[in-house]
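Participant: File upload_12.cif below, mmCIF, C-alpha atoms:
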data_structure
#
loop_
_atom_site.label_atom_id
_atom_site.label_comp_id
_atom_site.auth_asym_id
_atom_site.auth_seq_id
_atom_site.Cartn_x
_atom_site.Cartn_y
_atom_site.Cartn_z
CA MET Z 1 6.27 3.48 -3.03
CA THR Z 2 3.75 3.88 -0.26
CA ARG Z 3 1.86 0.71 0.68
CA PHE Z 4 -1.82 1.50 1.27
CA ASN Z 5 -3.99 -0.43 3.69
CA LEU Z 6 -7.44 1.11 3.29
CA HIS Z 7 -10.60 -0.08 5.03
CA HIS Z 8 -14.26 0.74 4.37
CA GLN Z 9 -15.00 0.35 8.06
CA ASP Z 10 -15.78 2.17 11.29
CA CYS Z 11 -12.44 3.34 12.67
CA LEU Z 12 -13.11 2.20 16.24
CA SER Z 13 -13.57 -1.46 15.32
CA GLY Z 14 -10.83 -1.22 12.71
CA MET Z 15 -8.17 0.27 14.99
CA GLN Z 16 -8.87 -2.37 17.62
CA ARG Z 17 -7.30 -4.92 15.27
CA LEU Z 18 -4.01 -3.02 14.97
CA ALA Z 19 -1.00 -3.77 17.16
CA ASP Z 20 0.11 -1.62 20.09
CA ASN Z 21 2.87 0.94 19.43
CA SER Z 22 2.70 0.39 15.67
CA ILE Z 23 1.99 3.91 14.34
CA ASP Z 24 4.52 6.72 13.88
CA VAL Z 25 2.27 9.58 12.84
CA VAL Z 26 -1.47 10.26 12.76
CA VAL Z 27 -3.00 13.08 10.72
CA THR Z 28 -6.76 13.33 10.83
CA SER Z 29 -9.81 15.56 11.01
CA PRO Z 30 -12.90 13.99 12.58
CA PRO Z 31 -16.43 15.31 12.14
CA TYR Z 32 -16.74 18.50 14.21
CA ASN Z 33 -20.33 17.91 15.39
CA LEU Z 34 -21.28 21.31 13.96
CA GLY Z 35 -24.02 20.15 11.59
CA VAL Z 36 -21.90 19.57 8.48
CA ARG Z 37 -23.91 17.76 5.81
CA TYR Z 38 -22.07 14.49 5.23
CA SER Z 39 -23.72 12.05 2.88
CA LYS Z 40 -24.22 9.35 5.55
CA PHE Z 41 -22.81 10.44 8.95
CA SER Z 42 -24.95 12.49 11.35
CA ASP Z 43 -22.94 15.51 12.53
CA ARG Z 44 -25.45 16.52 15.21
CA GLN Z 45 -24.93 14.38 18.30
CA ASP Z 46 -25.54 15.52 21.85
CA ARG Z 47 -22.43 17.24 23.20
CA ALA Z 48 -21.62 14.76 25.97
CA GLY Z 49 -22.11 11.76 23.68
CA TYR Z 50 -19.93 13.29 20.98
CA LEU Z 51 -17.06 14.02 23.39
CA GLN Z 52 -17.32 10.49 24.79
CA TRP Z 53 -17.11 9.08 21.26
CA CYS Z 54 -14.05 11.21 20.55
CA LYS Z 55 -12.33 9.94 23.67
CA ALA Z 56 -13.02 6.34 22.61
CA TRP Z 57 -11.28 6.63 19.22
CA ALA Z 58 -8.54 8.83 20.69
CA ALA Z 59 -7.80 6.14 23.27
CA GLU Z 60 -7.19 3.71 20.42
CA ILE Z 61 -4.79 6.18 18.82
CA ALA Z 62 -2.94 6.53 22.14
CA ARG Z 63 -2.57 2.75 22.29
CA LEU Z 64 -1.31 2.55 18.72
CA LEU Z 65 1.08 5.51 18.79
CA LYS Z 66 4.78 4.89 19.28
CA ARG Z 67 6.51 6.60 22.20
CA ASN Z 68 7.93 9.39 20.02
CA GLY Z 69 4.99 9.44 17.63
CA SER Z 70 2.92 12.46 16.63
CA PHE Z 71 -0.85 12.86 16.49
CA PHE Z 72 -1.97 15.90 14.46
CA LEU Z 73 -5.64 16.64 15.13
CA ASN Z 74 -7.35 19.19 12.87
CA ILE Z 75 -10.41 20.77 14.49
CA GLY Z 76 -12.49 23.80 13.63
CA ALA Z 77 -15.25 25.67 15.41
CA ALA Z 78 -18.38 27.59 14.57
CA PRO Z 79 -18.36 31.30 15.46
CA SER Z 80 -21.26 30.62 17.80
CA ASN Z 81 -19.42 27.71 19.45
CA PRO Z 82 -15.80 28.84 19.90
CA MET Z 83 -15.09 26.69 22.96
CA PHE Z 84 -15.60 23.40 21.16
CA PRO Z 85 -11.95 22.69 20.12
CA HIS Z 86 -10.75 23.46 23.64
CA GLU Z 87 -13.40 21.28 25.25
CA LEU Z 88 -12.26 18.41 23.05
CA ILE Z 89 -8.60 18.87 23.97
CA LEU Z 90 -9.48 18.96 27.67
CA GLN Z 91 -11.33 15.69 27.15
CA LEU Z 92 -8.12 14.11 25.80
CA ARG Z 93 -5.65 15.45 28.35
CA ASP Z 94 -5.38 12.17 30.27
CA LEU Z 95 -4.39 10.40 27.02
CA PHE Z 96 -1.99 12.90 25.43
CA VAL Z 97 0.19 15.91 26.09
CA LEU Z 98 -0.57 18.96 23.96
CA GLN Z 99 2.92 19.60 22.61
CA ASN Z 100 2.14 22.29 19.99
CA THR Z 101 -0.91 24.31 18.98
CA ILE Z 102 -0.82 25.25 15.30
CA HIS Z 103 -3.17 27.75 13.68
CA TRP Z 104 -4.18 26.84 10.14
CA ILE Z 105 -4.83 30.17 8.46
CA LYS Z 106 -7.20 29.74 5.52
CA SER Z 107 -7.54 33.40 4.64
CA ILE Z 108 -5.62 36.52 5.67
CA SER Z 109 -5.45 40.21 4.82
CA ILE Z 110 -2.20 42.14 5.33
CA GLU Z 111 -1.73 45.88 5.11
CA GLU Z 112 1.56 46.79 3.45
CA LYS Z 113 3.71 49.79 4.46
CA ASN Z 114 2.28 51.78 1.55
CA GLY Z 115 -1.24 51.22 2.86
CA GLU Z 116 -2.23 48.65 0.24
CA VAL Z 117 -4.26 45.76 1.64
CA ILE Z 118 -3.47 42.34 0.17
CA SER Z 119 -5.92 39.49 0.77
CA ARG Z 120 -5.12 35.84 0.13
CA GLY Z 121 -6.97 32.59 0.60
CA HIS Z 122 -10.62 31.55 0.90
CA PHE Z 123 -13.21 31.62 3.67
CA LYS Z 124 -16.91 31.00 4.07
CA PRO Z 125 -18.54 34.39 4.66
CA ILE Z 126 -21.24 34.76 7.27
CA SER Z 127 -23.86 37.46 7.77
CA SER Z 128 -23.91 38.35 11.44
CA GLY Z 129 -24.26 41.28 13.77
CA ARG Z 130 -22.22 39.45 16.42
CA PHE Z 131 -19.54 37.26 14.84
CA LEU Z 132 -16.54 37.69 12.57
CA ASN Z 133 -15.84 35.53 9.52
CA ASP Z 134 -14.00 32.42 10.68
CA CYS Z 135 -10.71 32.26 8.74
CA HIS Z 136 -8.74 29.70 10.70
CA GLU Z 137 -8.81 26.25 12.31
CA TYR Z 138 -6.64 24.48 14.87
CA ILE Z 139 -4.12 21.72 14.41
CA PHE Z 140 -3.33 20.24 17.81
CA HIS Z 141 -0.01 18.36 17.91
CA LEU Z 142 -0.55 15.68 20.54
CA THR Z 143 2.09 13.28 21.82
CA LEU Z 144 2.28 10.68 24.56
CA GLU Z 145 4.92 12.38 26.70
CA GLY Z 146 5.26 15.89 25.32
CA ASN Z 147 8.85 15.48 24.14
CA SER Z 148 8.59 13.98 20.66
CA PRO Z 149 11.28 15.51 18.42
CA VAL Z 150 10.15 17.56 15.43
CA ASP Z 151 11.93 18.80 12.31
CA ARG Z 152 11.43 22.54 12.87
CA LEU Z 153 13.27 23.58 9.72
CA ALA Z 154 11.47 21.17 7.38
CA LEU Z 155 8.86 23.93 7.05
CA GLY Z 156 11.39 26.72 7.52
CA VAL Z 157 11.31 30.14 5.86
CA PRO Z 158 14.06 32.66 5.05
CA TYR Z 159 14.91 35.41 7.53
CA GLN Z 160 13.41 38.77 6.68
CA ASP Z 161 16.30 40.48 8.47
CA LYS Z 162 19.40 38.81 7.04
CA THR Z 163 21.62 40.16 9.84
CA ASN Z 164 20.04 37.54 12.11
CA ILE Z 165 21.89 34.81 10.22
CA ALA Z 166 25.27 35.95 11.55
CA ARG Z 167 23.94 37.30 14.86
CA TRP Z 168 22.43 34.04 16.11
CA SER Z 169 24.65 30.99 16.46
CA HIS Z 170 21.79 28.51 16.13
CA THR Z 171 21.39 29.45 12.46
CA ARG Z 172 24.79 27.89 11.66
CA GLY Z 173 25.00 30.31 8.77
CA ARG Z 174 21.77 29.12 7.15
CA ASP Z 175 19.10 31.51 5.93
CA ARG Z 176 16.28 29.44 7.34
CA ARG Z 177 14.23 29.83 10.48
CA CYS Z 178 11.34 28.01 12.12
CA ARG Z 179 8.07 29.04 10.49
CA GLY Z 180 6.28 29.04 13.82
CA ASN Z 181 2.78 27.90 14.67
CA THR Z 182 0.80 29.89 12.07
CA TRP Z 183 0.48 28.09 8.73
CA PHE Z 184 -1.15 29.86 5.81
CA ILE Z 185 -2.50 27.06 3.62
CA PRO Z 186 -5.36 28.13 1.34
CA TYR Z 187 -7.73 25.80 -0.41
CA GLN Z 188 -7.20 25.39 -4.12
CA THR Z 189 -9.76 27.24 -6.22
CA ILE Z 190 -12.30 24.84 -7.74
CA GLN Z 191 -15.05 25.22 -10.34
CA ARG Z 192 -17.22 22.19 -9.56
CA ARG Z 193 -17.40 21.04 -5.93
CA LYS Z 194 -19.20 17.80 -6.77
CA THR Z 195 -16.39 16.52 -8.99
CA GLU Z 196 -13.33 18.37 -7.67
CA ARG Z 197 -13.92 18.27 -3.90
CA PRO Z 198 -16.87 15.93 -3.21
CA HIS Z 199 -16.57 16.17 0.57
CA PRO Z 200 -17.96 18.98 2.74
CA ALA Z 201 -15.10 19.25 5.24
CA THR Z 202 -11.77 18.03 3.90
CA PHE Z 203 -8.40 19.68 4.55
CA PRO Z 204 -5.87 20.48 1.80
CA ILE Z 205 -3.25 17.88 0.90
CA GLU Z 206 -0.59 20.49 1.73
CA LEU Z 207 -1.78 20.67 5.33
CA ALA Z 208 -1.24 16.95 5.86
CA GLN Z 209 2.14 17.19 4.11
CA SER Z 210 3.20 19.95 6.50
CA CYS Z 211 2.26 17.80 9.49
CA ILE Z 212 4.25 14.86 8.14
CA LYS Z 213 7.30 17.02 7.44
CA LEU Z 214 7.14 18.58 10.90
CA HIS Z 215 7.10 15.14 12.49
CA GLY Z 216 10.12 14.25 10.36
CA VAL Z 217 10.27 12.05 7.28
CA ALA Z 218 12.31 8.89 7.73
CA ASP Z 219 12.50 5.37 6.30
CA GLY Z 220 9.85 2.90 7.37
CA LEU Z 221 7.28 5.32 8.80
CA VAL Z 222 3.71 4.09 9.31
CA MET Z 223 0.93 6.67 9.13
CA LEU Z 224 -2.73 6.42 10.15
CA ASP Z 225 -5.85 8.44 9.33
CA PRO Z 226 -8.95 7.02 11.06
CA PHE Z 227 -11.21 9.48 9.18
CA LEU Z 228 -9.90 9.11 5.64
CA GLY Z 229 -12.62 11.04 3.81
CA ILE Z 230 -11.65 11.35 0.13
CA GLY Z 231 -8.02 10.51 0.79
CA ASN Z 232 -6.10 13.78 1.04
CA SER Z 233 -3.96 12.50 3.90
CA ALA Z 234 -3.15 9.37 1.90
CA ILE Z 235 -1.99 11.41 -1.08
CA ALA Z 236 0.12 13.53 1.27
CA ALA Z 237 1.68 10.35 2.68
CA GLN Z 238 2.55 9.21 -0.82
CA ARG Z 239 4.10 12.56 -1.73
CA CYS Z 240 6.24 12.47 1.42
CA GLY Z 241 7.42 8.91 0.85
CA ILE Z 242 5.68 7.32 3.85
CA ALA Z 243 6.34 3.58 3.79
CA LYS Z 244 2.86 2.44 4.89
CA PHE Z 245 -0.46 4.24 5.18
CA ILE Z 246 -3.51 2.90 7.01
CA GLY Z 247 -6.89 4.56 6.56
CA PHE Z 248 -10.47 3.98 7.69
CA GLU Z 249 -13.61 5.51 6.18
CA ILE Z 250 -17.18 4.55 7.05
CA ASP Z 251 -18.87 6.24 4.08
CA GLU Z 252 -18.80 4.08 0.95
CA ASP Z 253 -18.95 7.02 -1.45
CA TYR Z 254 -16.05 8.87 0.15
CA PHE Z 255 -14.11 5.62 0.42
CA ALA Z 256 -14.58 4.88 -3.28
CA GLU Z 257 -13.47 8.40 -4.17
CA ALA Z 258 -10.38 8.02 -1.97
CA GLU Z 259 -9.47 4.77 -3.72
CA ARG Z 260 -9.98 6.37 -7.12
CA ARG Z 261 -7.84 9.41 -6.30
CA ILE Z 262 -5.04 7.33 -4.80
CA ALA Z 263 -5.03 5.00 -7.81
CA SER Z 264 -4.95 8.01 -10.13
CA THR Z 265 -2.01 9.49 -8.24
CA ASN Z 266 -0.19 6.17 -8.35
CA SER Z 267 -0.64 5.92 -12.12
CA VAL Z 268 0.69 9.46 -12.62
CA GLY Z 269 3.68 8.77 -10.38
#
Is it possible to give me this structure as structure tokens?
Facilitator:
Amino acid sequence: MTRFNLHHQDCLSGMQRLADNSIDVVVTSPPYNLGVRYSKFSDRQDRAGYLQWCKAWAAEIARLLKRNGSFFLNIGAAPSNPMFPHELILQLRDLFVLQNTIHWIKSISIEEKNGEVISRGHFKPISSGRFLNDCHEYIFHLTLEGNSPVDRLALGVPYQDKTNIARWSHTRGRDRRCRGNTWFIPYQTIQRRKTERPHPATFPIELAQSCIKLHGVADGLVMLDPFLGIGNSAIAAQRCGIAKFIGFEIDEDYFAEAERRIASTNSVG
């Protein structure tokens, strides 16, 4: 059973009370400063002030993270502001090494050999004479030294060409290869946003689970999400068997919803 340590509190002041080198894995998605309508938080700060704020909470994560720990940072961009995720990563480069860049694909269309086009997933359409619909976000895998081990095959997929199994010695006869850095994880279809997904910018539980599995599931892991939202990362931690989960959320409504959802999941389990 996962032990939950949840705090209705600003993450900066909350993380300052945690011990150095005490966290194995961090999965989080902070406000993007793109004007998202949160119920309490203002998502329209000046650019320099926002980046400075990000560096402050990221410095706390760097202090808390164990030497071989993993920090998975989910960040999106607006079509009119495509440089934002990269500016943020540059701001953090003296704290972390960017070990992997993962592309979270929310919607994709594939043309089959017979010419049929298959579309999967969901996206927010825009009407523009300049920009394309934005169908993906970034997951930056940050570590302290750039050499944290990962479980590449935890998210593995079968080989399309089965002759590769015998041809390549590293397969060891297994029909399973590294998925790579493009993850197609669609949102679940919902009917009522207010009751089923009462948060304007949450990621799917499956995304957080994938991050945890890539880091590697082991006994005694401690996970942190400084921007808990409605608790999707906490539910992912529970599903993966994380020993202890620590979460911070400043909004009382989102925090209450996270507690309710976690309690509901616990009762079902």
Participant: Using all atoms listed in the file, find the one residue out of Z:Gln9, Z:Gln209, Z:Thr143, Z:Ser80 that sits nearest to Leu95 (chain Z).
Facilitator: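 Checking each candidate against Leu95 (chain Z), we get Z:Thr143 as the closest.
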Participant: How many Å lie between CA of His122 (chain Z) and CA of Tyr187 (chain Z), rounded to one decimal?
Facilitator: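 Taking CA of His122 (chain Z) as the start and CA of Tyr187 (chain Z) as the end point, the length is 6.6 Å.
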Participant: Mind telling me what the PyMOL selection byres ((chain Z and resi 47) around 12) catches here, as a list in words?
Facilitator: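 So the PyMOL selection byres ((chain Z and resi 47) around 12), applied here, picks out Tyr32, Asn33, Leu34, Asp43, Arg44, Gln45, Asp46, Ala48, Gly49, Tyr50, Leu51, Gln52, Trp53, Cys54, Asn81, Met83, Phe84, Glu87, Leu88 and Gln91 of chain Z.
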Participant: Name every residue that the PyMOL selection byres ((chain Z and resi 221-231) around 8) selects in this structure, writing the answer as JSON, numbers by chain with chains first and numbers rising.
Facilitator: {"Z": [11, 15, 22, 23, 24, 25, 26, 27, 28, 29, 30, 198, 199, 202, 217, 218, 219, 220, 232, 233, 234, 235, 237, 242, 243, 244, 245, 246, 247, 248, 249, 251, 254, 255, 256, 257, 258, 259, 261, 262]}
Participant: Between Z:Lys106, Z:Lys213, Z:His86, Z:Arg172, which one has atoms that come closest to Glu137 (chain Z), using only C-alpha atoms?
Facilitator: Z:Lys106
Participant: Tell me, in Å to one decimal, how far CA of Leu153 (chain Z) is from CA of Ser107 (chain Z).
Facilitator: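 For CA of Leu153 (chain Z) relative to CA of Ser107 (chain Z), the distance reads 23.6 Å.
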Participant: Just the number, please: distance in Å from CA of Lys66 (chain Z) to CA of His170 (chain Z), one decimal.
Facilitator: 29.3 Å
Participant: Would you write out, as a list in words, every residue that the PyMOL selection byres ((chain Z and resi 67) around 12) captures in this file?
Facilitator: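 On this input, the PyMOL selection byres ((chain Z and resi 67) around 12) captures Asp20, Asn21, Ser22, Ile23, Asp24, Val25, Ile61, Ala62, Arg63, Leu64, Leu65, Lys66, Asn68, Gly69, Ser70, Phe71, Phe96, Val97, Leu142, Thr143, Leu144, Glu145, Gly146, Asn147, Ser148 and Pro149 of chain Z.
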Participant: Applying 10 Å and all atoms listed in the file, which residues near Asp94 (chain Z) remain after dropping the ones on its own chain fewer than 4 positions away? List them as a list in words.
Facilitator: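 Close residues of Asp94 (chain Z): Lys55, Ala59, Ile89, Leu90 and Leu144 of chain Z.
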Participant: List the neighbours of Gly173 (chain Z) out to 12 Å using all atoms listed in the file; skip same-chain residues closer than 2 positions along the sequence, and give me the result as a ChimeraX atom specification.
Facilitator: /Z:158-159,162-171,175-177
Participant: Could you turn the residues from that selection into a file that holds C-alpha atoms, as a PDB file, keeping the file's coordinate frame?
Facilitator:
ATOM      1  CA  PRO Z 158      14.060  32.660   5.050  1.00  0.00           C
ATOM      2  CA  TYR Z 159      14.910  35.410   7.530  1.00  0.00           C
ATOM      3  CA  LYS Z 162      19.400  38.810   7.040  1.00  0.00           C
ATOM      4  CA  THR Z 163      21.620  40.160   9.840  1.00  0.00           C
ATOM      5  CA  ASN Z 164      20.040  37.540  12.110  1.00  0.00           C
ATOM      6  CA  ILE Z 165      21.890  34.810  10.220  1.00  0.00           C
ATOM      7  CA  ALA Z 166      25.270  35.950  11.550  1.00  0.00           C
ATOM      8  CA  ARG Z 167      23.940  37.300  14.860  1.00  0.00           C
ATOM      9  CA  TRP Z 168      22.430  34.040  16.110  1.00  0.00           C
ATOM     10  CA  SER Z 169      24.650  30.990  16.460  1.00  0.00           C
ATOM     11  CA  HIS Z 170      21.790  28.510  16.130  1.00  0.00           C
ATOM     12  CA  THR Z 171      21.390  29.450  12.460  1.00  0.00           C
ATOM     13  CA  ASP Z 175      19.100  31.510   5.930  1.00  0.00           C
ATOM     14  CA  ARG Z 176      16.280  29.440   7.340  1.00  0.00           C
ATOM     15  CA  ARG Z 177      14.230  29.830  10.480  1.00  0.00           C
TER      16      ARG Z 177
END
Participant: For Phe123 (chain Z), which residue among Z:Ile185, Z:Ile139, Z:Ile102, Z:Cys178 is the nearest when counting all atoms listed in the file?
Facilitator: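 The closest residue to Phe123 (chain Z) is Z:Ile185.
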